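J.: model01.cif is reproduced below (mmCIF, C-alpha atoms, pLDDT in the B column; chains and numbers go by the auth columns).
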data_coords
#
loop_
_atom_site.group_PDB
_atom_site.id
_atom_site.type_symbol
_atom_site.label_atom_id
_atom_site.label_comp_id
_atom_site.label_asym_id
_atom_site.label_seq_id
_atom_site.Cartn_x
_atom_site.Cartn_y
_atom_site.Cartn_z
_atom_site.B_iso_or_equiv
_atom_site.auth_seq_id
_atom_site.auth_asym_id
ATOM 1 C CA MET A 1 51.865 -64.825 -33.643 88.00 1 A
ATOM 2 C CA GLU A 2 52.023 -65.620 -29.926 93.00 2 A
ATOM 3 C CA VAL A 3 48.789 -64.794 -28.083 94.00 3 A
ATOM 4 C CA LYS A 4 48.364 -64.747 -24.300 95.00 4 A
ATOM 5 C CA ILE A 5 44.845 -64.486 -22.887 96.00 5 A
ATOM 6 C CA GLY A 6 44.215 -63.713 -19.242 96.00 6 A
ATOM 7 C CA VAL A 7 40.942 -65.114 -17.946 96.00 7 A
ATOM 8 C CA GLN A 8 39.206 -63.765 -14.848 95.00 8 A
ATOM 9 C CA HIS A 9 39.174 -66.149 -11.870 94.00 9 A
ATOM 10 C CA ALA A 10 41.662 -68.499 -13.583 93.00 10 A
ATOM 11 C CA PRO A 11 45.126 -68.967 -12.089 93.00 11 A
ATOM 12 C CA ARG A 12 46.888 -69.402 -15.457 95.00 12 A
ATOM 13 C CA GLU A 13 46.764 -67.583 -18.748 95.00 13 A
ATOM 14 C CA ILE A 14 46.028 -69.258 -22.075 95.00 14 A
ATOM 15 C CA VAL A 15 49.008 -69.209 -24.454 94.00 15 A
ATOM 16 C CA LEU A 16 48.756 -70.190 -28.101 93.00 16 A
ATOM 17 C CA GLU A 17 50.634 -69.751 -31.361 93.00 17 A
ATOM 18 C CA SER A 18 48.191 -68.503 -33.968 91.00 18 A
ATOM 19 C CA GLY A 19 48.546 -68.343 -37.731 89.00 19 A
ATOM 20 C CA GLN A 20 46.143 -65.400 -37.771 89.00 20 A
ATOM 21 C CA SER A 21 47.461 -61.896 -38.330 90.00 21 A
ATOM 22 C CA ALA A 22 47.574 -59.306 -35.548 90.00 22 A
ATOM 23 C CA GLU A 23 44.755 -57.399 -37.264 92.00 23 A
ATOM 24 C CA GLU A 24 42.506 -60.483 -37.348 93.00 24 A
ATOM 25 C CA ILE A 25 43.145 -61.175 -33.680 94.00 25 A
ATOM 26 C CA GLU A 26 42.534 -57.535 -32.715 94.00 26 A
ATOM 27 C CA ARG A 27 39.259 -57.560 -34.659 93.00 27 A
ATOM 28 C CA ALA A 28 38.104 -60.771 -32.920 94.00 28 A
ATOM 29 C CA VAL A 29 39.026 -59.377 -29.481 94.00 29 A
ATOM 30 C CA GLY A 30 37.358 -56.035 -30.235 94.00 30 A
ATOM 31 C CA ASP A 31 34.156 -57.710 -31.416 93.00 31 A
ATOM 32 C CA ALA A 32 34.026 -59.900 -28.305 93.00 32 A
ATOM 33 C CA LEU A 33 34.651 -57.003 -25.914 92.00 33 A
ATOM 34 C CA ALA A 34 32.152 -54.747 -27.731 94.00 34 A
ATOM 35 C CA GLY A 35 29.428 -57.345 -27.229 90.00 35 A
ATOM 36 C CA LYS A 36 29.124 -58.335 -30.903 92.00 36 A
ATOM 37 C CA SER A 37 30.054 -61.884 -29.941 89.00 37 A
ATOM 38 C CA GLN A 38 29.615 -63.793 -26.682 93.00 38 A
ATOM 39 C CA LEU A 39 32.818 -65.768 -27.259 94.00 39 A
ATOM 40 C CA LEU A 40 36.364 -64.818 -28.138 94.00 40 A
ATOM 41 C CA SER A 41 37.266 -67.409 -30.763 94.00 41 A
ATOM 42 C CA LEU A 42 40.865 -67.847 -31.958 94.00 42 A
ATOM 43 C CA GLU A 43 42.511 -70.621 -33.948 93.00 43 A
ATOM 44 C CA ASP A 44 45.990 -71.974 -33.263 91.00 44 A
ATOM 45 C CA GLU A 45 48.561 -73.094 -35.848 91.00 45 A
ATOM 46 C CA LYS A 46 47.316 -76.699 -35.701 91.00 46 A
ATOM 47 C CA GLY A 47 43.734 -75.704 -36.513 92.00 47 A
ATOM 48 C CA ARG A 48 42.368 -76.078 -32.989 93.00 48 A
ATOM 49 C CA LYS A 49 39.963 -73.417 -31.747 94.00 49 A
ATOM 50 C CA VAL A 50 40.240 -71.676 -28.406 94.00 50 A
ATOM 51 C CA LEU A 51 36.945 -70.266 -27.095 95.00 51 A
ATOM 52 C CA VAL A 52 36.806 -67.904 -24.132 95.00 52 A
ATOM 53 C CA PRO A 53 33.617 -66.267 -22.810 95.00 53 A
ATOM 54 C CA ALA A 54 33.910 -62.574 -23.729 94.00 54 A
ATOM 55 C CA ASP A 55 32.828 -61.406 -20.277 94.00 55 A
ATOM 56 C CA ARG A 56 35.718 -63.353 -18.665 95.00 56 A
ATOM 57 C CA VAL A 57 38.573 -61.911 -20.753 95.00 57 A
ATOM 58 C CA ALA A 58 40.924 -59.972 -18.478 95.00 58 A
ATOM 59 C CA TYR A 59 43.601 -59.113 -21.074 95.00 59 A
ATOM 60 C CA VAL A 60 45.025 -60.192 -24.415 95.00 60 A
ATOM 61 C CA GLU A 61 48.723 -59.849 -25.166 95.00 61 A
ATOM 62 C CA LEU A 62 50.024 -60.137 -28.729 93.00 62 A
ATOM 63 C CA GLY A 63 53.646 -60.848 -29.491 89.00 63 A
ATOM 64 C CA GLU A 64 55.931 -62.237 -32.128 78.00 64 A
ATOM 65 C CA PRO A 65 56.430 -65.993 -32.248 62.00 65 A
ATOM 66 C CA THR A 66 59.268 -67.119 -30.052 57.00 66 A
ATOM 67 C CA THR A 67 62.057 -69.031 -31.718 61.00 67 A
ATOM 68 C CA ARG A 68 63.830 -71.644 -29.710 60.00 68 A
ATOM 69 C CA LYS A 69 67.562 -71.741 -30.048 61.00 69 A
ATOM 70 C CA VAL A 70 68.984 -75.202 -30.410 68.00 70 A
ATOM 71 C CA GLY A 71 72.619 -76.037 -30.406 67.00 71 A
ATOM 72 C CA PHE A 72 75.764 -75.927 -28.425 69.00 72 A
ATOM 73 C CA SER A 73 78.161 -73.095 -27.758 65.00 73 A
ATOM 74 C CA ALA A 74 81.894 -73.232 -27.253 65.00 74 A
ATOM 75 C CA LEU A 75 83.033 -72.486 -23.745 61.00 75 A
#
Kindly transcribe the structure held in the file into structure tokens.

T.:
Amino acid sequence: MEVKIGVQHAPREIVLESGQSAEEIERAVGDALAGKSQLLSLEDEKGRKVLVPADRVAYVELGEPTTRKVGFSAL
């Protein structure tokens, strides 16, 4: 699952590929924005954690993983 996180006062968004389900990510985002947690904590496919202060989250965009096409086409 591709996750994009916009952070206030940061020029770039955080992009990660997560092995978590959309429901798990939504629950983590909801808990952080509701004040149940001070940090939005997500884990990427390699096991690394991404921590964002909950009060700095501008938006979270969930999408399907992007597949890269490799190969050659006939002209």

J.: Could you tell me which residues the PyMOL selection byres ((chain A and resi 4-20) around 6) returns for this structure, as a PDB file with C-alpha atoms, in the coordinates of the input?

T.:
ATOM      1  CA  MET A   1      51.865 -64.825 -33.643  1.00 88.00           C
ATOM      2  CA  GLU A   2      52.023 -65.620 -29.926  1.00 93.00           C
ATOM      3  CA  VAL A   3      48.789 -64.794 -28.083  1.00 94.00           C
ATOM      4  CA  SER A  21      47.461 -61.896 -38.330  1.00 90.00           C
ATOM      5  CA  ASP A  44      45.990 -71.974 -33.263  1.00 91.00           C
ATOM      6  CA  GLU A  45      48.561 -73.094 -35.848  1.00 91.00           C
ATOM      7  CA  ARG A  56      35.718 -63.353 -18.665  1.00 95.00           C
ATOM      8  CA  VAL A  57      38.573 -61.911 -20.753  1.00 95.00           C
ATOM      9  CA  ALA A  58      40.924 -59.972 -18.478  1.00 95.00           C
ATOM     10  CA  TYR A  59      43.601 -59.113 -21.074  1.00 95.00           C
ATOM     11  CA  VAL A  60      45.025 -60.192 -24.415  1.00 95.00           C
ATOM     12  CA  GLU A  61      48.723 -59.849 -25.166  1.00 95.00           C
TER      13      GLU A  61
END

J.: Just checking: using all atoms listed in the file, which residue out of A:Pro53, A:Ala22, A:Glu64, A:Arg27 ends up closest to A:Leu40?

T.: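 Counting all atoms listed in the file, the residue closest to A:Leu40 is A:Pro53.
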
J.: Just the number, please: distance in Å from atom CA of A:Ala54 to atom CA of A:Gly35, one decimal.

T.: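 It comes out at 7.7 Å.
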
J.: Provide the atom CA of A:Glu26 to atom CA of A:Gly63 distance in Å, to one decimal place.

T.: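 Value for the atom CA of A:Glu26-atom CA of A:Gly63 distance: 12.0 Å.
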
J.: Taking into account all atoms listed in the file, which residue in the set A:Val29, A:Leu39, A:Glu24, A:Ala34 is nearest to A:Val52?

T.: A:Leu39

J.: In Å, how far is it from atom CA of A:Ser37 to atom CA of A:Leu51?

T.: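 Atom-to-atom, atom CA of A:Ser37 and atom CA of A:Leu51 are spaced 11.2 Å apart.
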